[in-house]
file run_30.cif (mmCIF, C-alpha atoms and all ligand atoms)
data_coords
loop_
_atom_site.group_PDB
_atom_site.id
_atom_site.type_symbol
_atom_site.label_atom_id
_atom_site.label_comp_id
_atom_site.auth_asym_id
_atom_site.auth_seq_id
_atom_site.Cartn_x
_atom_site.Cartn_y
_atom_site.Cartn_z
ATOM 1 C CA MET A 670 25.175 60.183 25.015
ATOM 2 C CA LYS A 671 23.274 59.274 28.151
ATOM 3 C CA VAL A 672 25.053 57.431 30.987
ATOM 4 C CA VAL A 673 22.690 55.362 33.085
ATOM 5 C CA ARG A 674 23.569 53.608 36.353
ATOM 6 C CA THR A 675 20.273 52.103 37.460
ATOM 7 C CA MET A 676 17.904 49.654 35.809
ATOM 8 C CA GLY A 677 14.992 52.020 36.394
ATOM 9 C CA GLU A 678 16.520 54.727 34.208
ATOM 10 C CA LEU A 679 16.853 52.398 31.201
ATOM 11 C CA GLU A 680 14.299 52.932 28.473
ATOM 12 C CA THR A 681 13.401 50.533 25.673
ATOM 13 C CA ALA A 682 12.834 51.467 22.036
ATOM 14 C CA PRO A 683 12.350 49.623 18.745
ATOM 15 C CA GLY A 684 15.433 49.273 16.522
ATOM 16 C CA THR A 685 17.858 49.027 19.432
ATOM 17 C CA GLY A 686 21.238 47.321 19.085
ATOM 18 C CA LEU A 687 22.921 46.195 22.312
ATOM 19 C CA VAL A 688 26.680 45.802 22.808
ATOM 20 C CA PRO A 689 27.489 44.161 26.161
ATOM 21 C CA THR A 690 31.053 44.810 27.362
ATOM 22 C CA MET A 691 33.130 44.703 30.511
ATOM 23 C CA GLY A 692 34.763 48.042 29.706
ATOM 24 C CA ALA A 693 38.499 48.723 29.230
ATOM 25 C CA LEU A 694 37.385 49.307 25.671
ATOM 26 C CA HIS A 695 39.674 48.759 22.684
ATOM 27 C CA GLU A 696 39.420 48.507 18.909
ATOM 28 C CA GLY A 697 37.594 45.163 19.167
ATOM 29 C CA HIS A 698 34.786 46.827 21.109
ATOM 30 C CA ARG A 699 34.883 49.715 18.653
ATOM 31 C CA ALA A 700 34.177 47.261 15.809
ATOM 32 C CA LEU A 701 31.115 46.007 17.740
ATOM 33 C CA PHE A 702 29.868 49.581 18.252
ATOM 34 C CA ARG A 703 30.330 50.293 14.534
ATOM 35 C CA ALA A 704 28.461 47.141 13.510
ATOM 36 C CA ALA A 705 25.620 48.086 15.861
ATOM 37 C CA ARG A 706 25.590 51.717 14.733
ATOM 38 C CA ALA A 707 25.432 50.695 11.062
ATOM 39 C CA GLU A 708 22.120 48.866 11.429
ATOM 40 C CA SER A 709 20.412 50.222 14.539
ATOM 41 C CA GLU A 710 18.352 53.297 15.227
ATOM 42 C CA ARG A 711 19.625 53.328 18.772
ATOM 43 C CA VAL A 712 22.782 51.794 20.247
ATOM 44 C CA VAL A 713 23.001 50.808 23.907
ATOM 45 C CA ALA A 714 26.346 49.655 25.330
ATOM 46 C CA SER A 715 26.822 48.164 28.753
ATOM 47 C CA LEU A 716 29.995 48.590 30.801
ATOM 48 C CA PHE A 717 29.848 46.036 33.553
ATOM 49 C CA VAL A 718 32.646 43.930 34.983
ATOM 50 C CA ASN A 719 30.378 41.019 35.796
ATOM 51 C CA PRO A 720 31.662 39.400 39.008
ATOM 52 C CA ALA A 721 29.531 36.307 38.356
ATOM 53 C CA GLN A 722 31.533 35.272 35.298
ATOM 54 C CA PHE A 723 34.954 35.339 36.974
ATOM 55 C CA ASP A 724 36.099 31.995 38.276
ATOM 56 C CA GLU A 725 39.192 33.520 39.886
ATOM 57 C CA GLN A 726 38.977 36.349 42.416
ATOM 58 C CA ALA A 727 42.475 37.574 41.476
ATOM 59 C CA ASP A 728 41.422 37.927 37.822
ATOM 60 C CA LEU A 729 38.371 39.977 38.841
ATOM 61 C CA GLU A 730 40.472 42.240 41.040
ATOM 62 C CA ALA A 731 43.131 42.737 38.360
ATOM 63 C CA TYR A 732 40.582 43.384 35.589
ATOM 64 C CA PRO A 733 41.373 46.805 34.057
ATOM 65 C CA ARG A 734 38.889 49.627 34.558
ATOM 66 C CA ASP A 735 38.960 53.046 32.880
ATOM 67 C CA GLU A 736 35.487 54.494 32.638
ATOM 68 C CA GLU A 737 36.530 57.930 31.448
ATOM 69 C CA HIS A 738 38.332 56.450 28.449
ATOM 70 C CA ASP A 739 35.429 54.040 27.800
ATOM 71 C CA LEU A 740 32.842 56.822 27.747
ATOM 72 C CA GLN A 741 35.003 58.819 25.348
ATOM 73 C CA LEU A 742 35.334 55.868 22.961
ATOM 74 C CA ALA A 743 31.618 55.060 23.148
ATOM 75 C CA ARG A 744 30.711 58.702 22.538
ATOM 76 C CA ALA A 745 33.064 58.877 19.538
ATOM 77 C CA GLU A 746 31.330 55.832 18.011
ATOM 78 C CA GLY A 747 27.863 57.308 18.340
ATOM 79 C CA VAL A 748 26.613 55.124 21.187
ATOM 80 C CA ASP A 749 23.325 56.595 22.456
ATOM 81 C CA VAL A 750 23.135 55.102 25.926
ATOM 82 C CA VAL A 751 25.815 53.606 28.181
ATOM 83 C CA PHE A 752 24.519 51.411 30.982
ATOM 84 C CA ALA A 753 27.206 51.235 33.684
ATOM 85 C CA PRO A 754 25.628 49.799 36.830
ATOM 86 C CA PRO A 755 27.407 48.967 40.078
ATOM 87 C CA PRO A 756 27.416 45.210 40.922
ATOM 88 C CA GLU A 757 24.679 45.572 43.577
ATOM 89 C CA GLU A 758 22.332 47.013 40.942
ATOM 90 C CA MET A 759 22.604 43.814 38.863
ATOM 91 C CA TYR A 760 22.857 41.429 41.826
ATOM 92 C CA PRO A 761 20.876 42.960 44.700
ATOM 93 C CA ALA A 762 20.487 41.229 48.045
ATOM 94 C CA GLY A 763 18.315 38.166 47.595
ATOM 95 C CA PHE A 764 19.361 37.543 43.986
ATOM 96 C CA ALA A 765 19.010 33.776 43.547
ATOM 97 C CA THR A 766 18.071 32.868 39.964
ATOM 98 C CA TRP A 767 20.697 31.739 37.481
ATOM 99 C CA VAL A 768 20.771 30.644 33.857
ATOM 100 C CA ASP A 769 23.042 27.620 33.810
ATOM 101 C CA PRO A 770 23.932 26.518 30.257
ATOM 102 C CA GLN A 771 25.008 22.898 29.980
ATOM 103 C CA GLU A 772 28.255 23.802 28.279
ATOM 104 C CA THR A 773 31.201 21.479 28.580
ATOM 105 C CA GLY A 774 34.549 21.557 26.817
ATOM 106 C CA ALA A 775 36.976 24.428 26.286
ATOM 107 C CA GLU A 776 36.033 27.442 28.492
ATOM 108 C CA GLY A 777 33.042 25.520 29.876
ATOM 109 C CA THR A 778 35.383 23.010 31.479
ATOM 110 C CA ALA A 779 38.377 25.278 32.116
ATOM 111 C CA ARG A 780 36.328 27.962 33.908
ATOM 112 C CA PRO A 781 33.556 26.393 36.012
ATOM 113 C CA GLY A 782 30.618 28.785 36.432
ATOM 114 C CA HIS A 783 31.897 31.191 33.766
ATOM 115 C CA PHE A 784 29.089 30.634 31.274
ATOM 116 C CA ARG A 785 26.502 30.646 34.053
ATOM 117 C CA GLY A 786 27.645 34.183 34.863
ATOM 118 C CA VAL A 787 27.731 35.199 31.195
ATOM 119 C CA ALA A 788 24.320 33.717 30.382
ATOM 120 C CA THR A 789 22.664 35.203 33.458
ATOM 121 C CA VAL A 790 23.981 38.722 32.902
ATOM 122 C CA CYS A 791 23.212 38.619 29.177
ATOM 123 C CA LEU A 792 19.634 37.458 29.744
ATOM 124 C CA LYS A 793 19.203 40.272 32.286
ATOM 125 C CA LEU A 794 20.566 42.771 29.748
ATOM 126 C CA PHE A 795 18.296 41.403 26.992
ATOM 127 C CA ASN A 796 15.277 41.768 29.295
ATOM 128 C CA LEU A 797 16.266 45.252 30.439
ATOM 129 C CA VAL A 798 17.216 46.732 27.048
ATOM 130 C CA ARG A 799 14.937 44.616 24.776
ATOM 131 C CA PRO A 800 17.298 44.942 21.822
ATOM 132 C CA GLU A 801 16.432 43.685 18.342
ATOM 133 C CA ARG A 802 20.056 42.648 17.895
ATOM 134 C CA ALA A 803 22.947 42.075 20.269
ATOM 135 C CA TYR A 804 26.574 42.144 19.116
ATOM 136 C CA PHE A 805 29.354 39.826 20.242
ATOM 137 C CA GLY A 806 32.917 39.190 19.105
ATOM 138 C CA GLN A 807 34.130 36.030 17.381
ATOM 139 C CA LYS A 808 37.086 36.256 19.760
ATOM 140 C CA ASP A 809 34.831 34.682 22.407
ATOM 141 C CA GLY A 810 33.516 32.070 19.989
ATOM 142 C CA GLN A 811 32.180 29.675 22.592
ATOM 143 C CA GLN A 812 30.294 32.543 24.248
ATOM 144 C CA VAL A 813 28.536 33.063 20.919
ATOM 145 C CA ALA A 814 27.576 29.371 20.805
ATOM 146 C CA VAL A 815 26.245 29.541 24.376
ATOM 147 C CA LEU A 816 24.227 32.709 23.733
ATOM 148 C CA ARG A 817 22.800 31.456 20.454
ATOM 149 C CA ARG A 818 21.565 28.388 22.312
ATOM 150 C CA LEU A 819 20.245 30.486 25.201
ATOM 151 C CA VAL A 820 18.061 32.626 22.914
ATOM 152 C CA ARG A 821 16.837 29.512 21.109
ATOM 153 C CA ASP A 822 16.161 27.447 24.232
ATOM 154 C CA LEU A 823 14.519 30.247 26.211
ATOM 155 C CA ASN A 824 12.783 31.939 23.231
ATOM 156 C CA VAL A 825 14.445 35.294 23.744
ATOM 157 C CA PRO A 826 13.432 37.689 20.946
ATOM 158 C CA VAL A 827 16.913 38.950 20.040
ATOM 159 C CA GLU A 828 19.217 38.285 17.094
ATOM 160 C CA ILE A 829 22.808 37.465 17.971
ATOM 161 C CA ARG A 830 25.284 39.142 15.624
ATOM 162 C CA VAL A 831 28.946 38.122 15.449
ATOM 163 C CA VAL A 832 31.791 40.527 14.619
ATOM 164 C CA PRO A 833 35.183 39.195 13.415
ATOM 165 C CA THR A 834 38.123 39.318 15.806
ATOM 166 C CA VAL A 835 40.136 42.539 15.675
ATOM 167 C CA ARG A 836 43.886 41.967 15.963
ATOM 168 C CA ASP A 837 47.015 44.017 16.410
ATOM 169 C CA PRO A 838 49.074 44.167 13.199
ATOM 170 C CA ASP A 839 51.304 41.332 14.486
ATOM 171 C CA GLY A 840 48.260 39.066 14.914
ATOM 172 C CA LEU A 841 47.611 39.201 18.671
ATOM 173 C CA ALA A 842 43.852 39.366 19.269
ATOM 174 C CA LEU A 843 42.952 42.557 21.108
ATOM 175 C CA SER A 844 41.895 41.905 24.677
ATOM 176 C CA SER A 845 41.397 44.056 27.743
ATOM 177 C CA ARG A 846 43.835 41.683 29.446
ATOM 178 C CA ASN A 847 46.693 42.373 26.964
ATOM 179 C CA GLY A 848 47.663 45.476 28.938
ATOM 180 C CA ARG A 849 48.831 43.197 31.744
ATOM 181 C CA LEU A 850 51.487 41.542 29.553
ATOM 182 C CA SER A 851 55.123 42.602 29.833
ATOM 183 C CA ALA A 852 56.980 43.114 26.532
ATOM 184 C CA GLU A 853 58.527 39.657 26.872
ATOM 185 C CA GLU A 854 55.181 38.041 27.725
ATOM 186 C CA ARG A 855 53.504 39.746 24.801
ATOM 187 C CA GLN A 856 56.155 38.303 22.496
ATOM 188 C CA ARG A 857 55.464 34.815 23.868
ATOM 189 C CA ALA A 858 51.699 35.377 23.600
ATOM 190 C CA LEU A 859 52.112 35.833 19.840
ATOM 191 C CA GLY A 860 52.720 32.093 19.686
ATOM 192 C CA LEU A 861 48.958 31.595 20.192
ATOM 193 C CA PRO A 862 47.588 33.310 17.055
ATOM 194 C CA ARG A 863 50.519 31.992 15.032
ATOM 195 C CA ALA A 864 49.947 28.392 16.104
ATOM 196 C CA LEU A 865 46.204 28.614 15.425
ATOM 197 C CA ALA A 866 46.655 30.229 12.018
ATOM 198 C CA SER A 867 49.175 27.663 10.796
ATOM 199 C CA ALA A 868 47.378 24.679 12.358
ATOM 200 C CA ALA A 869 44.080 25.601 10.669
ATOM 201 C CA ARG A 870 45.636 24.579 7.343
ATOM 202 C CA GLU A 871 46.723 21.133 8.588
ATOM 203 C CA PRO A 872 44.732 17.880 8.317
ATOM 204 C CA ASN A 873 44.646 17.488 12.127
ATOM 205 C CA PRO A 874 44.437 21.085 13.343
ATOM 206 C CA VAL A 875 44.167 20.249 17.068
ATOM 207 C CA ALA A 876 47.323 18.131 17.043
ATOM 208 C CA ALA A 877 49.141 20.661 14.844
ATOM 209 C CA ALA A 878 48.226 23.559 17.169
ATOM 210 C CA ARG A 879 49.259 21.561 20.242
ATOM 211 C CA ALA A 880 52.598 20.781 18.617
ATOM 212 C CA SER A 881 53.319 24.384 17.740
ATOM 213 C CA LEU A 882 52.062 25.721 21.085
ATOM 214 C CA ASN A 883 54.708 23.544 22.642
ATOM 215 C CA GLY A 884 56.093 25.549 25.567
ATOM 216 C CA LEU A 885 52.980 27.708 25.984
ATOM 217 C CA ASP A 886 51.159 24.955 27.887
ATOM 218 C CA PRO A 887 47.577 25.419 26.647
ATOM 219 C CA ASP A 888 44.582 24.893 28.968
ATOM 220 C CA TYR A 889 42.911 23.296 25.935
ATOM 221 C CA VAL A 890 42.992 23.175 22.157
ATOM 222 C CA GLU A 891 39.587 22.283 20.760
ATOM 223 C CA VAL A 892 37.329 22.545 17.754
ATOM 224 C CA LEU A 893 34.206 24.568 18.588
ATOM 225 C CA ASP A 894 31.056 23.930 16.582
ATOM 226 C CA LEU A 895 28.929 27.048 16.105
ATOM 227 C CA GLY A 896 26.515 25.322 13.745
ATOM 228 C CA ASP A 897 27.312 27.461 10.713
ATOM 229 C CA ALA A 898 31.058 27.404 11.391
ATOM 230 C CA LYS A 899 33.795 25.438 13.092
ATOM 231 C CA LEU A 900 36.501 27.251 15.026
ATOM 232 C CA LEU A 901 39.891 26.080 16.234
ATOM 233 C CA ALA A 902 40.151 27.535 19.748
ATOM 234 C CA ALA A 903 42.774 27.542 22.473
ATOM 235 C CA ALA A 904 43.566 29.140 25.816
ATOM 236 C CA ILE A 905 47.047 29.737 27.170
ATOM 237 C CA ARG A 906 48.522 31.264 30.265
ATOM 238 C CA VAL A 907 51.392 33.715 29.901
ATOM 239 C CA GLY A 908 52.703 34.675 33.311
ATOM 240 C CA SER A 909 49.583 35.417 35.331
ATOM 241 C CA THR A 910 47.500 36.362 32.291
ATOM 242 C CA ARG A 911 45.150 33.948 30.589
ATOM 243 C CA LEU A 912 44.486 34.535 26.897
ATOM 244 C CA ILE A 913 42.044 32.898 24.492
ATOM 245 C CA ASP A 914 41.858 32.995 20.718
ATOM 246 C CA ASN A 915 40.332 31.116 17.804
ATOM 247 C CA VAL A 916 40.402 30.959 14.024
ATOM 248 C CA LEU A 917 37.836 29.848 11.495
ATOM 249 C CA LEU A 918 38.311 26.228 10.354
ATOM 250 C CA GLU A 919 35.310 25.892 8.081
ATOM 251 C CA GLY A 920 32.011 27.537 7.286
ATOM 252 C CA GLU A 921 31.104 31.137 7.828
ATOM 253 C CA ILE A 922 29.765 32.811 10.962
ATOM 254 C CA GLN A 923 26.533 34.552 10.058
HETATM 255 P P1 LIG A 1001 34.678 41.953 26.972
HETATM 256 O O1 LIG A 1001 34.586 43.400 27.323
HETATM 257 O O2 LIG A 1001 36.084 41.440 26.869
HETATM 258 O O3 LIG A 1001 33.767 41.078 27.777
HETATM 259 O O4 LIG A 1001 34.142 41.846 25.503
HETATM 260 C C1 LIG A 1001 32.913 42.421 25.123
HETATM 261 C C2 LIG A 1001 32.602 41.993 23.728
HETATM 262 O O5 LIG A 1001 33.645 42.418 22.857
HETATM 263 C C3 LIG A 1001 32.505 40.464 23.588
HETATM 264 O O6 LIG A 1001 31.430 40.147 22.720
HETATM 265 C C4 LIG A 1001 33.825 40.111 22.996
HETATM 266 O O7 LIG A 1001 33.777 38.922 22.212
HETATM 267 C C5 LIG A 1001 34.104 41.310 22.116
HETATM 268 N N1 LIG A 1001 35.532 41.421 21.846
HETATM 269 C C6 LIG A 1001 36.553 41.402 22.751
HETATM 270 N N2 LIG A 1001 37.739 41.451 22.115
HETATM 271 C C7 LIG A 1001 37.471 41.483 20.790
HETATM 272 C C8 LIG A 1001 38.285 41.536 19.615
HETATM 273 N N3 LIG A 1001 39.622 41.546 19.669
HETATM 274 N N4 LIG A 1001 37.660 41.567 18.419
HETATM 275 C C9 LIG A 1001 36.300 41.537 18.339
HETATM 276 N N5 LIG A 1001 35.488 41.512 19.415
HETATM 277 C C10 LIG A 1001 36.057 41.466 20.613
#
call {"tool": "encode", "arguments": {"input": "run_30.cif", "output": "structure tokens"}}
result
Amino acid sequence: MKVVRTMGELETAPGTGLVPTMGALHEGHRALFRAARAESERVVASLFVNPAQFDEQADLEAYPRDEEHDLQLARAEGVDVVFAPPPEEMYPAGFATWVDPQETGAEGTARPGHFRGVATVCLKLFNLVRPERAYFGQKDGQQVAVLRRLVRDLNVPVEIRVVPTVRDPDGLALSSRNGRLSAEERQRALGLPRALASAAREPNPVAAARASLNGLDPDYVEVLDLGDAKLLAAAIRVGSTRLIDNVLLEGEIQ
């Protein structure tokens, strides 16, 4: 496995699958690597904590980093190339061009500038790696909607693939931020997947989720439309940690 830190060292090749990540890899990322490995001749993963997509400085500073562990996991899953640039490689002095998706609602409203950062870094990665397919998790369902629209609107020749959310056995969606939860906070956080799962079966899922999230004070509870599927999504704050999750309401994510 090759570890590359500069854009100039990146090579392109047909049949490449790209898995963009912010590191602190877990079983959710592993599922993305496996999906990519299963249908790609070459798998490129990026490890980049993208400062541009953080709307809170404290969240960026507290974001977990463990490159040694990440490289081990990527190597074990047969990743061919890891691209792990420092921030100044992606955003050098004079950087001034942004992709600004017109995305309102849910994360788009709760985290101003977040999708601008996501869209900009993903378009850079698509241009640098030229993958045939890029893999993203359903866990960040709105991100998938934003990126699908980006490739359509800007005619980017990449297929967006979506991998189902990987959860702990008790239902909590795996997230790099889960490590910040105390045992008591983690217990409270379980209210999120439970509320979403039970509300998805109700006639008014948003109201039902709000009612059962009672006490967890959600940033939002919304239905996200991905075109081929509708998701019931919510964000909560547990202590200083913000968690998001969603479940399928109807359709199927292709
Ligand atoms: P992150 O490193 O958190 O930015 O995530 C990188 C990619 O992994 C994104 O496409 C996420 O949607 C995906 N991902 C994160 N957590 C999970 C999970 N629990 N299951 C599936 N995919 C995930």
call {"tool": "residues_around", "arguments": {"input": "run_30.cif", "residues": "Gly697 of chain A", "least_positions_apart": "6", "cutoff": "10 Å", "atoms": "all atoms listed in the file", "output": "VMD selection string"}}
result
chain A and resid 805 to 808 832 to 837 842 to 845
call {"tool": "atom_distance", "arguments": {"input": "run_30.cif", "atom1": "atom CA of Val748 of chain A", "atom2": "atom CA of Thr789 of chain A"}}
result
23.7 Å
call {"tool": "residues_around", "arguments": {"input": "run_30.cif", "residues": "segment 868-870 of chain A", "least_positions_apart": "6", "cutoff": "6 Å", "atoms": "only C-alpha atoms", "output": "list of chain:residue names"}}
result
A:Ala877, A:Ala878, A:Leu918
call {"tool": "atom_distance", "arguments": {"input": "run_30.cif", "atom1": "atom CA of Ala904 of chain A", "atom2": "atom CA of Ser715 of chain A"}}
result
25.5 Å
call {"tool": "axis_aligned_box", "arguments": {"input": "run_30.cif", "around": "ligand LIG 1001 (chain A)", "padding_each_side": "4 Å", "output": "lines of an AutoDock Vina configuration file"}}
result
center_x = 35.5
center_y = 41.2
center_z = 23.1
size_x = 16.2
size_y = 12.5
size_z = 17.4
call {"tool": "resolve_selection", "arguments": {"input": "run_30.cif", "expression": "the PyMOL selection byres (((chain A and resi 888) around 10) and not hetatm)", "output": "ChimeraX atom specification"}}
result
/A:775-776,778-779,885-887,889-891,903-906,911-913
call {"tool": "residues_around", "arguments": {"input": "run_30.cif", "residues": "Pro756 of chain A", "least_positions_apart": "2", "cutoff": "10 Å", "atoms": "all atoms listed in the file", "output": "ChimeraX atom specification"}}
result
/A:717-721,753-754,758-761
call {"tool": "residues_around", "arguments": {"input": "run_30.cif", "residues": "Gln811 of chain A", "least_positions_apart": "5", "cutoff": "10 Å", "atoms": "only C-alpha atoms", "output": "ChimeraX atom specification"}}
result
/A:772,774-777,784,816-817,893-895,900,902,915
call {"tool": "resolve_selection", "arguments": {"input": "run_30.cif", "expression": "the PyMOL selection byres (((chain A and resi 802) around 8) and not hetatm)", "output": "PyMOL selection string"}}
result
chain A and resi 685-687+800-801+803-804+827-830
call {"tool": "atom_distance", "arguments": {"input": "run_30.cif", "atom1": "atom CA of Arg699 of chain A", "atom2": "atom CA of Asp749 of chain A"}}
result
14.0 Å
call {"tool": "resolve_selection", "arguments": {"input": "run_30.cif", "expression": "the PyMOL selection byres (((chain A and resi 859) around 12) and not hetatm)", "output": "PDB file with C-alpha atoms, in the frame of the given file"}}
result
ATOM      1  CA  ARG A 836      43.886  41.967  15.963  1.00  0.00           C
ATOM      2  CA  ASP A 837      47.015  44.017  16.410  1.00  0.00           C
ATOM      3  CA  PRO A 838      49.074  44.167  13.199  1.00  0.00           C
ATOM      4  CA  ASP A 839      51.304  41.332  14.486  1.00  0.00           C
ATOM      5  CA  GLY A 840      48.260  39.066  14.914  1.00  0.00           C
ATOM      6  CA  LEU A 841      47.611  39.201  18.671  1.00  0.00           C
ATOM      7  CA  ALA A 842      43.852  39.366  19.269  1.00  0.00           C
ATOM      8  CA  LEU A 843      42.952  42.557  21.108  1.00  0.00           C
ATOM      9  CA  ASN A 847      46.693  42.373  26.964  1.00  0.00           C
ATOM     10  CA  LEU A 850      51.487  41.542  29.553  1.00  0.00           C
ATOM     11  CA  ALA A 852      56.980  43.114  26.532  1.00  0.00           C
ATOM     12  CA  GLU A 853      58.527  39.657  26.872  1.00  0.00           C
ATOM     13  CA  GLU A 854      55.181  38.041  27.725  1.00  0.00           C
ATOM     14  CA  ARG A 855      53.504  39.746  24.801  1.00  0.00           C
ATOM     15  CA  GLN A 856      56.155  38.303  22.496  1.00  0.00           C
ATOM     16  CA  ARG A 857      55.464  34.815  23.868  1.00  0.00           C
ATOM     17  CA  ALA A 858      51.699  35.377  23.600  1.00  0.00           C
ATOM     18  CA  GLY A 860      52.720  32.093  19.686  1.00  0.00           C
ATOM     19  CA  LEU A 861      48.958  31.595  20.192  1.00  0.00           C
ATOM     20  CA  PRO A 862      47.588  33.310  17.055  1.00  0.00           C
ATOM     21  CA  ARG A 863      50.519  31.992  15.032  1.00  0.00           C
ATOM     22  CA  ALA A 864      49.947  28.392  16.104  1.00  0.00           C
ATOM     23  CA  LEU A 865      46.204  28.614  15.425  1.00  0.00           C
ATOM     24  CA  ALA A 866      46.655  30.229  12.018  1.00  0.00           C
ATOM     25  CA  SER A 881      53.319  24.384  17.740  1.00  0.00           C
ATOM     26  CA  LEU A 882      52.062  25.721  21.085  1.00  0.00           C
ATOM     27  CA  LEU A 885      52.980  27.708  25.984  1.00  0.00           C
ATOM     28  CA  ILE A 905      47.047  29.737  27.170  1.00  0.00           C
ATOM     29  CA  ARG A 906      48.522  31.264  30.265  1.00  0.00           C
ATOM     30  CA  VAL A 907      51.392  33.715  29.901  1.00  0.00           C
ATOM     31  CA  LEU A 912      44.486  34.535  26.897  1.00  0.00           C
ATOM     32  CA  ILE A 913      42.044  32.898  24.492  1.00  0.00           C
ATOM     33  CA  ASP A 914      41.858  32.995  20.718  1.00  0.00           C
TER      34      ASP A 914
END
call {"tool": "closest_residue", "arguments": {"input": "run_30.cif", "among": "A:Val672, A:Met691, A:Val798, A:Leu823", "to": "ligand LIG 1001 (chain A)", "atoms": "all atoms listed in the file"}}
result
A:Met691
call {"tool": "residues_around", "arguments": {"input": "run_30.cif", "residues": "Val750 of chain A", "least_positions_apart": "3", "cutoff": "6 Å", "atoms": "all atoms listed in the file", "output": "JSON, numbers by chain"}}
result
{"A": [670, 671, 672, 713]}
call {"tool": "closest_residue", "arguments": {"input": "run_30.cif", "among": "A:Glu757, A:Glu746, A:Glu736, A:Glu710", "to": "Met676 of chain A", "atoms": "all atoms listed in the file"}}
result
A:Glu757
call {"tool": "closest_residue", "arguments": {"input": "run_30.cif", "among": "A:Ser867, A:Val813, A:Pro826, A:Pro770", "to": "ligand LIG 1001 (chain A)", "atoms": "all atoms listed in the file"}}
result
A:Val813
call {"tool": "closest_residue", "arguments": {"input": "run_30.cif", "among": "A:Gln741, A:Thr681, A:Gln722, A:Ser851", "to": "Gly786 of chain A", "atoms": "all atoms listed in the file"}}
result
A:Gln722
call {"tool": "closest_residue", "arguments": {"input": "run_30.cif", "among": "A:Gly763, A:Ala682, A:Gly908, A:Ala898", "to": "Gly920 of chain A", "atoms": "all atoms listed in the file"}}
result
A:Ala898
